[in-house]
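Chemist: Take a look at the following structure, please.
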Amino acid sequence: MDHIAVRPDIDETAVKERQTDPADIAAELAEAKATAVSGSHPDDWVIGSDSVVSVAGRLFDKPRSRDEAADHLQFFSGKSLVLTSAVALARGGTVDWTHVDQAELDVRSLSSDFIEAYLEVEWPEVSYCVGVFRMEGPGVQLFDNVLGSYFTILGMPLIPLLGALRERRVLQS
């Protein structure tokens, strides 16, 4: 199946200022990304997705620097991190389907030495990750326990998306 990746031109800050619930933020951003791209690709099904991390009621963005990444990890230490991921399908500039899922990740107690060593290996790759981790890499070492879908943690609730694509006959049943 042919596909292309297109970076949508949307203002994420405006959504985050208007919404407070992580599920609403993730859904609105996924929908905005899908519709922004589908307007210029009207005959194609377009997938948009986004993830939001909250810890102790505080929302986090992707770290802007290595020092900020270390601050995030220090804040996460010993707490539960809730990762909310949303995916949306749009066609012709209109959202057709949206799904939101959450995973809870218990961050173990992280020493300053561990955080520094971790960022030495993972920076700058984790600067693109809202939770400062890549589950498929050394980031798995941050956690004591994980509840939720692996694909949701990766930022794309893939199983529900595949079902939606089959319902729309984009994928074979």
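Order determines the names: the first chain of the structure tokens is A, the second B, and so forth; residues in each chain are numbered 1 upward, and ligands are numbered 1 upward as they are shown.
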Excluding Phe114 in chain A and any residue of its chain fewer than 5 positions from it, enumerate the residues within 12 Å of it, using only C-alpha atoms, and give them as a list in words.
Modeler: Ala70, Leu73, Gln74, Ser77, Arg108, Ser109, Leu119, Glu120, Val121, Glu122, Pro138, Gly139, Gln141 and Leu142 of chain A
Chemist: Restricted to N, CA and C atoms, what would the selected residues look like written as a PDB file, in the first residue's frame?
Modeler:
ATOM      1  N   ALA A  70      16.188  16.305  31.605  1.00  0.00           N
ATOM      2  CA  ALA A  70      16.615  15.819  32.928  1.00  0.00           C
ATOM      3  C   ALA A  70      15.635  16.273  34.009  1.00  0.00           C
ATOM      4  N   LEU A  73      12.516  14.061  33.776  1.00  0.00           N
ATOM      5  CA  LEU A  73      12.759  12.727  34.337  1.00  0.00           C
ATOM      6  C   LEU A  73      12.839  12.777  35.862  1.00  0.00           C
ATOM      7  N   GLN A  74      13.444  13.817  36.398  1.00  0.00           N
ATOM      8  CA  GLN A  74      13.513  13.960  37.853  1.00  0.00           C
ATOM      9  C   GLN A  74      12.109  14.113  38.437  1.00  0.00           C
ATOM     10  N   SER A  77      10.253  10.732  38.408  1.00  0.00           N
ATOM     11  CA  SER A  77      10.835   9.720  39.282  1.00  0.00           C
ATOM     12  C   SER A  77       9.902   9.334  40.425  1.00  0.00           C
ATOM     13  N   ARG A 108      10.106   4.186  37.990  1.00  0.00           N
ATOM     14  CA  ARG A 108      10.847   3.799  39.189  1.00  0.00           C
ATOM     15  C   ARG A 108      11.611   5.006  39.714  1.00  0.00           C
ATOM     16  N   SER A 109      12.157   4.903  40.894  1.00  0.00           N
ATOM     17  CA  SER A 109      12.976   5.988  41.431  1.00  0.00           C
ATOM     18  C   SER A 109      14.252   6.086  40.604  1.00  0.00           C
ATOM     19  N   LEU A 119      20.502   9.945  29.505  1.00  0.00           N
ATOM     20  CA  LEU A 119      20.466  11.005  28.497  1.00  0.00           C
ATOM     21  C   LEU A 119      21.745  11.028  27.657  1.00  0.00           C
ATOM     22  N   GLU A 120      22.844  10.600  28.215  1.00  0.00           N
ATOM     23  CA  GLU A 120      24.091  10.499  27.440  1.00  0.00           C
ATOM     24  C   GLU A 120      23.899   9.547  26.262  1.00  0.00           C
ATOM     25  N   VAL A 121      23.159   8.473  26.483  1.00  0.00           N
ATOM     26  CA  VAL A 121      22.909   7.475  25.441  1.00  0.00           C
ATOM     27  C   VAL A 121      21.743   7.872  24.537  1.00  0.00           C
ATOM     28  N   GLU A 122      20.681   8.423  25.100  1.00  0.00           N
ATOM     29  CA  GLU A 122      19.430   8.629  24.372  1.00  0.00           C
ATOM     30  C   GLU A 122      19.213  10.024  23.783  1.00  0.00           C
ATOM     31  N   PRO A 138      16.392   1.915  25.360  1.00  0.00           N
ATOM     32  CA  PRO A 138      16.740   1.944  26.787  1.00  0.00           C
ATOM     33  C   PRO A 138      15.676   2.580  27.682  1.00  0.00           C
ATOM     34  N   GLY A 139      14.719   3.304  27.104  1.00  0.00           N
ATOM     35  CA  GLY A 139      13.667   3.929  27.898  1.00  0.00           C
ATOM     36  C   GLY A 139      12.843   2.959  28.709  1.00  0.00           C
ATOM     37  N   GLN A 141      13.849   0.943  30.667  1.00  0.00           N
ATOM     38  CA  GLN A 141      14.470   0.849  31.996  1.00  0.00           C
ATOM     39  C   GLN A 141      13.934   1.880  32.988  1.00  0.00           C
ATOM     40  N   LEU A 142      13.155   2.823  32.528  1.00  0.00           N
ATOM     41  CA  LEU A 142      12.611   3.848  33.419  1.00  0.00           C
ATOM     42  C   LEU A 142      11.479   3.321  34.296  1.00  0.00           C
TER      43      LEU A 142
END
Chemist: Do you know which residues are at most 7 Å from range 49-56 of chain A counting only C-alpha atoms, after dropping those on the same chain fewer than 6 positions away, and could you put them as an NGL selection string?
Modeler: :A and (22 or 26 or 29-30 or 76 or 80-88 or 130-131 or 155-156)
Chemist: Save the residues we just selected, C-alpha atoms, as a short mmCIF file (atom, residue, chain, number, x, y, z; two decimals), in the first residue's frame?
Modeler:
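For reference, result-v7.cif as written:
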data_model
loop_
_atom_site.label_atom_id
_atom_site.label_comp_id
_atom_site.auth_asym_id
_atom_site.auth_seq_id
_atom_site.Cartn_x
_atom_site.Cartn_y
_atom_site.Cartn_z
CA PRO A 22 -5.32 15.01 28.18
CA ALA A 26 -4.70 14.31 22.18
CA LEU A 29 -4.48 17.39 17.94
CA ALA A 30 -4.83 14.05 16.11
CA PHE A 76 8.63 11.68 36.85
CA SER A 80 2.83 7.27 37.67
CA LEU A 81 3.03 8.68 34.17
CA VAL A 82 -0.21 8.65 32.18
CA LEU A 83 0.31 8.57 28.44
CA THR A 84 -2.75 9.41 26.36
CA SER A 85 -2.53 8.67 22.64
CA ALA A 86 -5.12 9.47 19.99
CA VAL A 87 -5.45 8.59 16.34
CA ALA A 88 -7.85 10.06 13.79
CA VAL A 130 6.89 13.73 25.04
CA GLY A 131 7.72 11.33 27.90
CA GLY A 155 2.01 6.86 20.29
CA MET A 156 -0.36 5.11 17.90
#
Chemist: Rounded to one decimal place, report the CA of Ser127 in chain A-CA of His99 in chain A distance in Å.
Modeler: 25.4 Å
Chemist: Could you go through range 13-151 of chain A and tell me which residues DSSP, when run on the backbone, assigns to helix (DSSP H, G or I), listing them as a ChimeraX atom specification?
Modeler: /A:13-18,22-38,66-76,112-122,125-128,138-142,150-151
Chemist: So the first atom is CA of Lys16 in chain A and the second is CA of Phe151 in chain A; what is the distance between them in Å, to one decimal place?
Modeler: 23.3 Å
Chemist: Name the residues of chain A that come out as strand (DSSP E or B) in a backbone DSSP run; write them as number ranges by chain.
Modeler: A: 46-55, 58-60, 80-91, 94-107, 143-147
Chemist: What gap, in Å, lies between CA of Ile153 in chain A and CA of Arg66 in chain A?
Modeler: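 CA of Ile153 in chain A sits 21.8 Å away from CA of Arg66 in chain A.
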Chemist: Counting only C-alpha atoms, figure out which residue out of A:Leu89, A:Ile4, A:Leu105, A:Val15 gets nearest to Ser149 in chain A.
Modeler: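 Closest residue, counting only C-alpha atoms: A:Leu105.
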Chemist: Which one of A:Met135, A:Ala164, A:Val170, A:Ala5 sits closest to Tyr150 in chain A if you count only C-alpha atoms?
Modeler: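 So, comparing all the options, the nearest one is A:Met135.
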